[in-house]
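**Q** You'll find entry_0.cif just under this line, and it carries mmCIF, C-alpha atoms (C1' of nucleotides).
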data_final
loop_
_atom_site.label_atom_id
_atom_site.label_comp_id
_atom_site.auth_asym_id
_atom_site.auth_seq_id
_atom_site.Cartn_x
_atom_site.Cartn_y
_atom_site.Cartn_z
CA MET A 1 -109.09 96.40 -23.98
CA LEU A 2 -112.21 94.30 -24.26
CA ARG A 3 -112.03 91.43 -26.69
CA ARG A 4 -115.37 90.96 -28.33
CA HIS A 5 -116.95 87.62 -29.02
CA SER A 6 -115.31 84.90 -31.09
CA SER A 7 -112.33 86.89 -32.19
CA VAL A 8 -109.71 84.68 -30.62
CA GLY A 9 -107.15 87.04 -31.92
CA PHE A 10 -104.84 84.98 -34.09
CA ALA A 11 -105.81 81.62 -35.53
CA PRO A 12 -109.33 81.28 -36.94
CA PRO A 13 -111.14 77.93 -36.81
CA GLU A 14 -110.59 77.25 -40.50
CA GLU A 15 -106.88 77.31 -39.84
CA SER A 16 -106.76 75.55 -36.50
CA ALA A 17 -109.22 72.76 -37.16
CA PRO A 18 -106.93 70.86 -39.57
CA VAL A 19 -104.19 70.80 -36.95
CA PHE A 20 -106.53 69.26 -34.39
CA ALA A 21 -107.77 66.86 -37.03
CA ALA A 22 -104.19 65.78 -37.64
CA LEU A 23 -103.77 65.17 -33.93
CA GLY A 24 -107.11 63.40 -33.78
CA ASP A 25 -105.92 59.99 -34.80
CA GLU A 26 -104.53 57.50 -32.35
CA THR A 27 -101.72 56.37 -34.61
CA ARG A 28 -100.62 59.91 -35.39
CA LEU A 29 -100.76 60.90 -31.74
CA ARG A 30 -98.47 58.00 -30.97
CA LEU A 31 -96.12 59.14 -33.70
CA VAL A 32 -96.06 62.59 -32.17
CA LEU A 33 -95.19 61.15 -28.79
CA ARG A 34 -92.55 58.97 -30.35
CA LEU A 35 -90.90 61.86 -32.19
CA CYS A 36 -91.27 63.93 -29.10
CA ASP A 37 -89.50 61.46 -26.86
CA ASP A 38 -86.81 60.11 -29.08
CA GLY A 39 -86.18 62.95 -31.49
CA PRO A 40 -85.86 62.85 -35.28
CA MET A 41 -86.36 59.40 -36.70
CA SER A 42 -86.70 57.56 -39.99
CA ILE A 43 -89.90 56.01 -41.28
CA THR A 44 -88.64 52.49 -40.89
CA ARG A 45 -87.70 53.11 -37.32
CA LEU A 46 -91.10 54.64 -36.68
CA THR A 47 -92.73 51.65 -38.34
CA ALA A 48 -90.90 49.14 -36.17
CA GLY A 49 -92.91 48.82 -32.98
CA SER A 50 -96.13 49.49 -34.81
CA HIS A 51 -98.48 46.87 -36.15
CA LEU A 52 -98.95 48.95 -39.29
CA THR A 53 -97.32 49.02 -42.70
CA ARG A 54 -94.56 51.41 -43.59
CA GLN A 55 -96.89 52.90 -46.16
CA ALA A 56 -99.53 53.58 -43.55
CA ILE A 57 -97.00 55.40 -41.42
CA THR A 58 -95.83 57.33 -44.45
CA LYS A 59 -99.36 58.49 -45.10
CA HIS A 60 -99.83 59.61 -41.52
CA LEU A 61 -96.58 61.54 -41.64
CA ARG A 62 -97.71 63.25 -44.80
CA VAL A 63 -100.99 64.24 -43.18
CA MET A 64 -99.10 65.86 -40.35
CA GLN A 65 -96.67 67.44 -42.75
CA ASP A 66 -99.51 69.01 -44.70
CA VAL A 67 -100.70 70.88 -41.63
CA GLY A 68 -97.15 71.74 -40.65
CA LEU A 69 -96.89 69.50 -37.60
CA VAL A 70 -93.81 67.68 -38.82
CA ARG A 71 -90.97 68.34 -41.18
CA SER A 72 -88.55 65.97 -42.87
CA SER A 73 -85.09 66.06 -44.34
CA ARG A 74 -83.26 63.55 -46.42
CA ARG A 75 -80.08 62.11 -44.98
CA GLY A 76 -78.43 59.58 -47.20
CA ARG A 77 -80.96 56.97 -48.20
CA GLU A 78 -83.22 57.68 -45.30
CA ARG A 79 -85.50 60.55 -44.39
CA LEU A 80 -85.53 61.93 -40.88
CA TRP A 81 -88.78 63.25 -39.47
CA GLN A 82 -89.10 65.73 -36.67
CA LEU A 83 -91.81 67.70 -34.99
CA GLU A 84 -92.43 71.27 -35.97
CA ARG A 85 -92.30 73.39 -32.86
CA LYS A 86 -94.53 76.21 -34.02
CA ARG A 87 -97.67 74.34 -34.94
CA LEU A 88 -97.91 72.40 -31.74
CA ARG A 89 -97.43 75.58 -29.81
CA ASP A 90 -100.18 77.24 -31.82
CA ALA A 91 -102.65 74.47 -31.08
CA ARG A 92 -101.82 74.62 -27.41
CA HIS A 93 -102.23 78.36 -27.41
CA TYR A 94 -105.57 78.04 -29.12
CA LEU A 95 -106.95 75.79 -26.41
CA ASP A 96 -105.51 78.10 -23.81
CA LEU A 97 -107.41 81.03 -25.20
CA ILE A 98 -110.64 79.11 -25.51
CA SER A 99 -110.38 78.00 -21.93
CA ARG A 100 -109.63 81.46 -20.71
CA GLN A 101 -112.37 83.01 -22.74
CA TRP A 102 -114.71 80.41 -21.45
CA ASP A 103 -113.81 81.19 -17.88
CA ASP A 104 -114.65 84.80 -18.54
CA ALA A 105 -117.95 83.82 -20.09
CA LEU A 106 -118.66 81.62 -17.11
CA GLY A 107 -118.22 84.57 -14.86
CA ARG A 108 -120.57 86.66 -16.92
CA LEU A 109 -123.15 83.93 -17.18
CA ARG A 110 -122.97 82.40 -13.77
CA LYS A 111 -126.70 82.89 -13.47
CA PHE A 112 -127.32 80.25 -16.13
CA VAL A 113 -124.87 77.51 -15.36
CA GLU A 114 -124.64 75.64 -12.13
CA ASN A 115 -121.45 73.61 -12.51
CA MET B 1 -88.13 61.73 -10.73
CA LEU B 2 -87.34 60.82 -14.28
CA ARG B 3 -90.32 60.18 -16.51
CA ARG B 4 -89.49 57.51 -19.00
CA HIS B 5 -90.52 57.63 -22.63
CA SER B 6 -94.09 58.03 -23.82
CA SER B 7 -95.74 57.69 -20.45
CA VAL B 8 -97.44 61.04 -20.44
CA GLY B 9 -98.84 60.15 -17.09
CA PHE B 10 -102.60 60.43 -17.44
CA ALA B 11 -104.38 60.29 -20.77
CA PRO B 12 -103.13 57.73 -23.30
CA PRO B 13 -103.38 58.45 -27.04
CA GLU B 14 -106.31 56.11 -27.51
CA GLU B 15 -108.29 58.27 -25.13
CA SER B 16 -107.10 61.70 -26.19
CA ALA B 17 -107.15 61.27 -29.95
CA PRO B 18 -110.96 61.22 -30.21
CA VAL B 19 -111.16 64.52 -28.39
CA PHE B 20 -108.76 66.14 -30.83
CA ALA B 21 -110.66 64.53 -33.68
CA ALA B 22 -113.84 66.11 -32.36
CA LEU B 23 -112.11 69.48 -32.32
CA GLY B 24 -110.66 68.85 -35.74
CA ASP B 25 -113.60 70.04 -37.77
CA GLU B 26 -114.11 73.65 -38.67
CA THR B 27 -117.83 73.61 -37.99
CA ARG B 28 -117.42 71.99 -34.62
CA LEU B 29 -114.65 74.35 -33.65
CA ARG B 30 -116.97 77.23 -34.45
CA LEU B 31 -119.65 75.65 -32.32
CA VAL B 32 -117.20 75.41 -29.46
CA LEU B 33 -116.33 79.07 -29.79
CA ARG B 34 -119.99 79.95 -29.99
CA LEU B 35 -120.90 78.02 -26.86
CA CYS B 36 -117.83 79.39 -25.22
CA ASP B 37 -118.72 82.99 -25.89
CA ASP B 38 -122.45 83.02 -25.46
CA GLY B 39 -123.05 80.21 -23.04
CA PRO B 40 -125.64 77.41 -23.21
CA MET B 41 -127.71 77.55 -26.34
CA SER B 42 -130.36 75.58 -28.22
CA ILE B 43 -129.75 73.78 -31.50
CA THR B 44 -131.93 76.16 -33.49
CA ARG B 45 -130.05 79.13 -32.15
CA LEU B 46 -126.76 77.45 -32.99
CA THR B 47 -128.06 76.69 -36.45
CA ALA B 48 -129.02 80.28 -37.15
CA GLY B 49 -125.95 82.03 -38.45
CA SER B 50 -124.65 78.85 -40.01
CA HIS B 51 -125.14 77.84 -43.60
CA LEU B 52 -125.82 74.29 -42.49
CA THR B 53 -128.94 72.32 -41.70
CA ARG B 54 -130.18 71.87 -38.19
CA GLN B 55 -129.59 68.16 -38.62
CA ALA B 56 -125.96 68.73 -39.51
CA ILE B 57 -125.50 70.78 -36.37
CA THR B 58 -127.23 68.09 -34.37
CA LYS B 59 -124.82 65.51 -35.68
CA HIS B 60 -121.82 67.64 -34.81
CA LEU B 61 -123.13 68.18 -31.32
CA ARG B 62 -123.56 64.46 -30.91
CA VAL B 63 -119.98 63.85 -32.02
CA MET B 64 -118.76 66.23 -29.37
CA GLN B 65 -121.09 64.76 -26.83
CA ASP B 66 -119.74 61.29 -27.49
CA VAL B 67 -116.25 62.38 -26.52
CA GLY B 68 -117.57 64.37 -23.59
CA LEU B 69 -116.87 67.83 -24.95
CA VAL B 70 -120.44 69.03 -24.57
CA ARG B 71 -123.44 68.15 -22.49
CA SER B 72 -127.11 68.90 -22.99
CA SER B 73 -130.21 69.26 -20.92
CA ARG B 74 -133.79 69.49 -21.93
CA ARG B 75 -135.63 72.65 -20.98
CA GLY B 76 -139.21 72.70 -22.11
CA ARG B 77 -139.36 71.97 -25.77
CA GLU B 78 -135.78 72.92 -26.40
CA ARG B 79 -132.46 71.39 -25.49
CA LEU B 80 -129.66 73.54 -24.15
CA TRP B 81 -126.10 72.63 -25.01
CA GLN B 82 -123.08 73.65 -23.06
CA LEU B 83 -119.40 72.93 -23.04
CA GLU B 84 -117.97 70.37 -20.70
CA ARG B 85 -115.23 71.97 -18.73
CA LYS B 86 -113.20 68.89 -17.98
CA ARG B 87 -112.58 67.53 -21.44
CA LEU B 88 -111.33 70.75 -22.88
CA ARG B 89 -109.01 71.15 -19.94
CA ASP B 90 -107.72 67.63 -20.47
CA ALA B 91 -106.92 68.29 -24.11
CA ARG B 92 -105.12 71.46 -23.22
CA HIS B 93 -103.19 69.68 -20.52
CA TYR B 94 -102.22 66.98 -22.95
CA LEU B 95 -100.67 69.44 -25.37
CA ASP B 96 -98.96 71.15 -22.49
CA LEU B 97 -97.28 67.95 -21.44
CA ILE B 98 -96.24 67.07 -24.95
CA SER B 99 -94.68 70.48 -25.40
CA ARG B 100 -92.87 70.28 -22.12
CA GLN B 101 -91.66 66.78 -22.77
CA TRP B 102 -90.51 67.88 -26.14
CA ASP B 103 -88.54 70.74 -24.72
CA ASP B 104 -86.79 68.30 -22.44
CA ALA B 105 -86.04 66.02 -25.35
CA LEU B 106 -84.72 68.97 -27.30
CA GLY B 107 -82.31 69.70 -24.54
CA ARG B 108 -81.07 66.14 -24.48
CA LEU B 109 -80.78 65.92 -28.23
CA ARG B 110 -79.49 69.34 -29.08
CA LYS B 111 -76.61 67.68 -30.90
CA PHE B 112 -79.01 66.38 -33.58
CA VAL B 113 -81.36 69.25 -34.21
CA GLU B 114 -80.34 72.66 -35.37
CA ASN B 115 -83.54 74.68 -35.10
"C1'" DT C 1 -71.25 44.68 -58.70
"C1'" DT C 2 -74.73 42.76 -56.51
"C1'" DA C 3 -77.71 41.95 -52.67
"C1'" DT C 4 -79.86 44.61 -49.19
"C1'" DT C 5 -81.99 48.34 -47.18
"C1'" DA C 6 -84.77 52.84 -47.25
"C1'" DG C 7 -88.04 55.02 -49.36
"C1'" DG C 8 -91.68 56.71 -53.18
"C1'" DC C 9 -95.74 56.07 -56.13
"C1'" DA C 10 -100.17 54.21 -57.59
"C1'" DA C 11 -104.23 51.53 -57.42
"C1'" DC C 12 -107.53 49.55 -54.75
"C1'" DT C 13 -110.78 48.60 -50.64
"C1'" DA C 14 -113.74 49.11 -46.60
"C1'" DA C 15 -115.40 52.01 -43.39
"C1'" DA C 16 -116.19 56.48 -41.42
"C1'" DT C 17 -117.72 61.19 -42.07
"C1'" DG C 18 -120.36 65.29 -43.26
"C1'" DG C 19 -124.23 66.50 -45.20
"C1'" DT C 20 -128.98 66.20 -46.99
"C1'" DT C 21 -134.23 65.27 -47.06
"C1'" DG C 22 -138.52 63.55 -45.19
"C1'" DC C 23 -141.38 62.51 -41.61
"C1'" DA C 24 -142.78 61.97 -36.73
"C1'" DT C 25 -143.30 63.80 -31.98
"C1'" DA C 26 -143.64 67.03 -28.30
"C1'" DT C 27 -144.42 71.57 -26.36
"C1'" DC C 28 -145.84 76.43 -26.38
"C1'" DG C 29 -148.93 80.43 -27.06
"C1'" DC C 30 -153.28 82.05 -28.28
"C1'" DG D 1 -157.69 72.75 -29.63
"C1'" DC D 2 -154.57 74.37 -33.17
"C1'" DG D 3 -150.90 76.26 -35.57
"C1'" DA D 4 -146.21 77.24 -34.96
"C1'" DT D 5 -141.86 76.00 -33.03
"C1'" DA D 6 -138.08 72.69 -31.38
"C1'" DT D 7 -136.36 68.58 -31.66
"C1'" DG D 8 -135.66 63.45 -32.89
"C1'" DC D 9 -135.07 59.52 -36.06
"C1'" DA D 10 -133.90 57.12 -40.30
"C1'" DA D 11 -132.50 56.54 -44.85
"C1'" DC D 12 -129.67 57.96 -48.23
"C1'" DC D 13 -125.47 60.01 -50.73
"C1'" DA D 14 -120.74 61.60 -51.90
"C1'" DT D 15 -116.29 62.16 -50.24
"C1'" DT D 16 -112.57 61.35 -47.31
"C1'" DT D 17 -109.78 58.38 -44.70
"C1'" DA D 18 -107.00 54.54 -43.04
"C1'" DG D 19 -105.09 50.86 -44.53
"C1'" DT D 20 -103.35 47.40 -47.82
"C1'" DT D 21 -100.46 45.35 -51.78
"C1'" DG D 22 -97.36 45.58 -55.65
"C1'" DC D 23 -93.78 47.49 -58.01
"C1'" DC D 24 -90.00 50.83 -58.87
"C1'" DT D 25 -85.79 53.75 -57.64
"C1'" DA D 26 -81.80 55.14 -54.92
"C1'" DA D 27 -78.11 54.55 -51.70
"C1'" DT D 28 -75.03 51.20 -48.92
"C1'" DA D 29 -72.18 47.58 -47.70
"C1'" DA D 30 -69.85 43.36 -48.63
#
So, in terms of structure tokens, how does the structure I just supplied come out?
**A**
Amino acid sequence: MLRRHSSVGFAPPEESAPVFAALGDETRLRLVLRLCDDGPMSITRLTAGSHLTRQAITKHLRVMQDVGLVRSSRRGRERLWQLERKRLRDARHYLDLISRQWDDALGRLRKFVEN
Amino acid sequence: MLRRHSSVGFAPPEESAPVFAALGDETRLRLVLRLCDDGPMSITRLTAGSHLTRQAITKHLRVMQDVGLVRSSRRGRERLWQLERKRLRDARHYLDLISRQWDDALGRLRKFVEN
DNA sequence: TTATTAGGCAACTAAATGGTTGCATATCGC
DNA sequence: GCGATATGCAACCATTTAGTTGCCTAATAA
């Protein structure tokens, strides 16, 4: 079963790129780590310990929500945010495949590269 | 050996975010796949098969070069671009660690999450 | 019930980003 | 040498992005 060329097999660039873009901001990456370490959390709690405004944090959360990286649920007067398992796994998988495919290509093209 | 909080252990967000940002553009992600599949390639060759200008491609390559995702070398009148193994591996590793750390956190916090 | 606390919405700003066009320079093949 | 090819540089443009401030609504707690 030979996989030809750029067909990564599941997530095309136009679908994966936005997820990486969402991860490609320092503030958002910190938020991810935060949610990752300490579990679901409210905006205000996420804002505390950041030098940014609550509104800024809100915007970042919305960006990540739009690409499916986080999800939120109301609980009383606050809203709890948590990471979305699937999307992060997808992104990871994507890089995995690229790496693997690249290794294969390296084997095939060893005559051109020296590293 | 208990790893505390956000200390991922190697690449802090301020260093990793730009790499994800570089991957977070559809065109650039396609370029990565292209270079990955077919090995080192010149700008003109990368431009062919894209609806964009050569200059646009050049700019994208420079973005990726700035974060160390690609490297180039002159060969005669053309410049060959290739992927930089290390950076891509780093990014992948980063997501790996986040996922793993998250799984741990999930275990500890299973009382709060239901998914 | 009233002050406080958590959050949402909208307008605005500065800077970054993705793309273009035009022109200049270097190298290759004949 | 000369035309064609491959790239580099700079200016310019429109849109997006990251962040702010101000004000409004909803739930809590005293």
**Q** Please determine, counting all atoms listed in the file, which residue among A:Leu88, A:Val32, A:Ile43, A:Ile98 has the shortest atom-to-atom distance to chain C.
**A**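 Distance minimum relative to chain C lands on A:Ile43.
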**Q** I want to know what sits within 12 Å of C:DT2, based on only C-alpha atoms (C1' of nucleotides), with residues of the same chain fewer than 5 positions away left out; could you give that as number ranges by chain?
**A** D: 28-30
**Q** Tell me which protein, DNA and RNA residues are within 9 Å of A:Thr44, counting only C-alpha atoms (C1' of nucleotides), leaving out same-chain ones fewer than 6 positions away, and put them as a PyMOL selection string.
**A** (chain A and resi 54+57+78) or (chain C and resi 6-7)
**Q** Keeping only C-alpha atoms (C1' of nucleotides), write those residues as a PDB file, in the frame of the given file.
**A**
ATOM      1  CA  ARG A  54     -94.560  51.410 -43.590  1.00  0.00           C
ATOM      2  CA  ILE A  57     -97.000  55.400 -41.420  1.00  0.00           C
ATOM      3  CA  GLU A  78     -83.220  57.680 -45.300  1.00  0.00           C
TER       4      GLU A  78
ATOM      5  C1'  DA C   6     -84.770  52.840 -47.250  1.00  0.00           C
ATOM      6  C1'  DG C   7     -88.040  55.020 -49.360  1.00  0.00           C
TER       7       DG C   7
END
**Q** So, counting all atoms listed in the file, which residue among A:Ala17, A:Leu97, A:Leu80, A:Ala11 is closest to chain C?
**A** A:Leu80
**Q** Ranking A:Cys36, A:Ala48, A:Val67, A:Ala56 by minimum distance to chain B and counting all atoms listed in the file, which one comes first?
**A** A:Cys36
**Q** List as a PyMOL selection string the residues having at least one atom at most 9 Å from position (-145.2, 72.8, -24.6) as given in the file, counting only C-alpha atoms (C1' of nucleotides).
**A** (chain B and resi 76-77) or (chain C and resi 26-29)
**Q** Please dump the current selection as a PDB file, keeping the file's coordinate frame; keep C-alpha atoms (C1' of nucleotides).
**A**
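Output below, filename out15.pdb:
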ATOM      1  CA  GLY B  76    -139.210  72.700 -22.110  1.00  0.00           C
ATOM      2  CA  ARG B  77    -139.360  71.970 -25.770  1.00  0.00           C
TER       3      ARG B  77
ATOM      4  C1'  DA C  26    -143.640  67.030 -28.300  1.00  0.00           C
ATOM      5  C1'  DT C  27    -144.420  71.570 -26.360  1.00  0.00           C
ATOM      6  C1'  DC C  28    -145.840  76.430 -26.380  1.00  0.00           C
ATOM      7  C1'  DG C  29    -148.930  80.430 -27.060  1.00  0.00           C
TER       8       DG C  29
END
**Q** Quick one, how far is atom C1' of D:DT25 from atom CA of A:Val63?
**A**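 Here the two named atoms are 23.5 Å from each other.
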**Q** What lies within 8 Å of B:Leu69 using only C-alpha atoms (C1' of nucleotides), ignoring chain neighbours under 5 positions off, as a PyMOL selection string?
**A** chain B and resi 19+64+83-88
**Q** Let me see the file: selected residues, C-alpha atoms, as a CSV table (one decimal), in the coordinates of the input.
**A**
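Produced file part32.csv, reproduced below:
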chain,number,residue,atom,x,y,z
B,19,VAL,CA,-111.2,64.5,-28.4
B,64,MET,CA,-118.8,66.2,-29.4
B,83,LEU,CA,-119.4,72.9,-23.0
B,84,GLU,CA,-118.0,70.4,-20.7
B,85,ARG,CA,-115.2,72.0,-18.7
B,86,LYS,CA,-113.2,68.9,-18.0
B,87,ARG,CA,-112.6,67.5,-21.4
B,88,LEU,CA,-111.3,70.8,-22.9
**Q** Could you model N, CA and C atoms for stretch 12-34 of chain A and present them as a short mmCIF file (atom, residue, chain, number, x, y, z; two decimals), in the frame of the given file?
**A**
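Result file part.cif:
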data_model
loop_
_atom_site.label_atom_id
_atom_site.label_comp_id
_atom_site.auth_asym_id
_atom_site.auth_seq_id
_atom_site.Cartn_x
_atom_site.Cartn_y
_atom_site.Cartn_z
N PRO A 12 -107.91 81.57 -36.75
CA PRO A 12 -109.33 81.28 -36.94
C PRO A 12 -109.57 79.78 -37.05
N PRO A 13 -110.80 79.36 -36.80
CA PRO A 13 -111.14 77.93 -36.81
C PRO A 13 -110.72 77.24 -38.11
N GLU A 14 -110.91 77.91 -39.23
CA GLU A 14 -110.59 77.25 -40.50
C GLU A 14 -109.11 76.96 -40.63
N GLU A 15 -108.31 77.57 -39.79
CA GLU A 15 -106.88 77.31 -39.84
C GLU A 15 -106.47 76.33 -38.75
N SER A 16 -107.14 76.39 -37.63
CA SER A 16 -106.76 75.55 -36.50
C SER A 16 -107.35 74.16 -36.58
N ALA A 17 -108.55 74.05 -37.12
CA ALA A 17 -109.22 72.76 -37.16
C ALA A 17 -108.36 71.66 -37.79
N PRO A 18 -107.74 71.91 -38.95
CA PRO A 18 -106.93 70.86 -39.57
C PRO A 18 -105.81 70.35 -38.66
N VAL A 19 -105.26 71.23 -37.85
CA VAL A 19 -104.19 70.80 -36.95
C VAL A 19 -104.76 69.82 -35.91
N PHE A 20 -105.91 70.18 -35.35
CA PHE A 20 -106.53 69.26 -34.39
C PHE A 20 -106.91 67.96 -35.07
N ALA A 21 -107.41 68.07 -36.30
CA ALA A 21 -107.77 66.86 -37.03
C ALA A 21 -106.55 65.96 -37.19
N ALA A 22 -105.42 66.57 -37.48
CA ALA A 22 -104.19 65.78 -37.64
C ALA A 22 -103.80 65.10 -36.34
N LEU A 23 -104.08 65.77 -35.23
CA LEU A 23 -103.77 65.17 -33.93
C LEU A 23 -104.84 64.16 -33.52
N GLY A 24 -105.96 64.19 -34.21
CA GLY A 24 -107.11 63.40 -33.78
C GLY A 24 -107.13 61.98 -34.29
N ASP A 25 -105.99 61.40 -34.41
CA ASP A 25 -105.92 59.99 -34.80
C ASP A 25 -104.93 59.30 -33.88
N GLU A 26 -105.33 58.18 -33.35
CA GLU A 26 -104.53 57.50 -32.35
C GLU A 26 -103.12 57.22 -32.85
N THR A 27 -103.04 56.70 -34.05
CA THR A 27 -101.72 56.37 -34.61
C THR A 27 -100.85 57.62 -34.70
N ARG A 28 -101.41 58.69 -35.23
CA ARG A 28 -100.62 59.91 -35.39
C ARG A 28 -100.21 60.47 -34.03
N LEU A 29 -101.10 60.38 -33.06
CA LEU A 29 -100.76 60.90 -31.74
C LEU A 29 -99.60 60.11 -31.15
N ARG A 30 -99.59 58.81 -31.42
CA ARG A 30 -98.47 58.00 -30.97
C ARG A 30 -97.18 58.42 -31.67
N LEU A 31 -97.31 58.69 -32.96
CA LEU A 31 -96.12 59.14 -33.70
C LEU A 31 -95.58 60.43 -33.10
N VAL A 32 -96.50 61.32 -32.78
CA VAL A 32 -96.06 62.59 -32.17
C VAL A 32 -95.30 62.31 -30.89
N LEU A 33 -95.86 61.46 -30.04
CA LEU A 33 -95.19 61.15 -28.79
C LEU A 33 -93.82 60.55 -29.05
N ARG A 34 -93.79 59.64 -29.99
CA ARG A 34 -92.55 58.97 -30.35
C ARG A 34 -91.49 59.98 -30.76
#
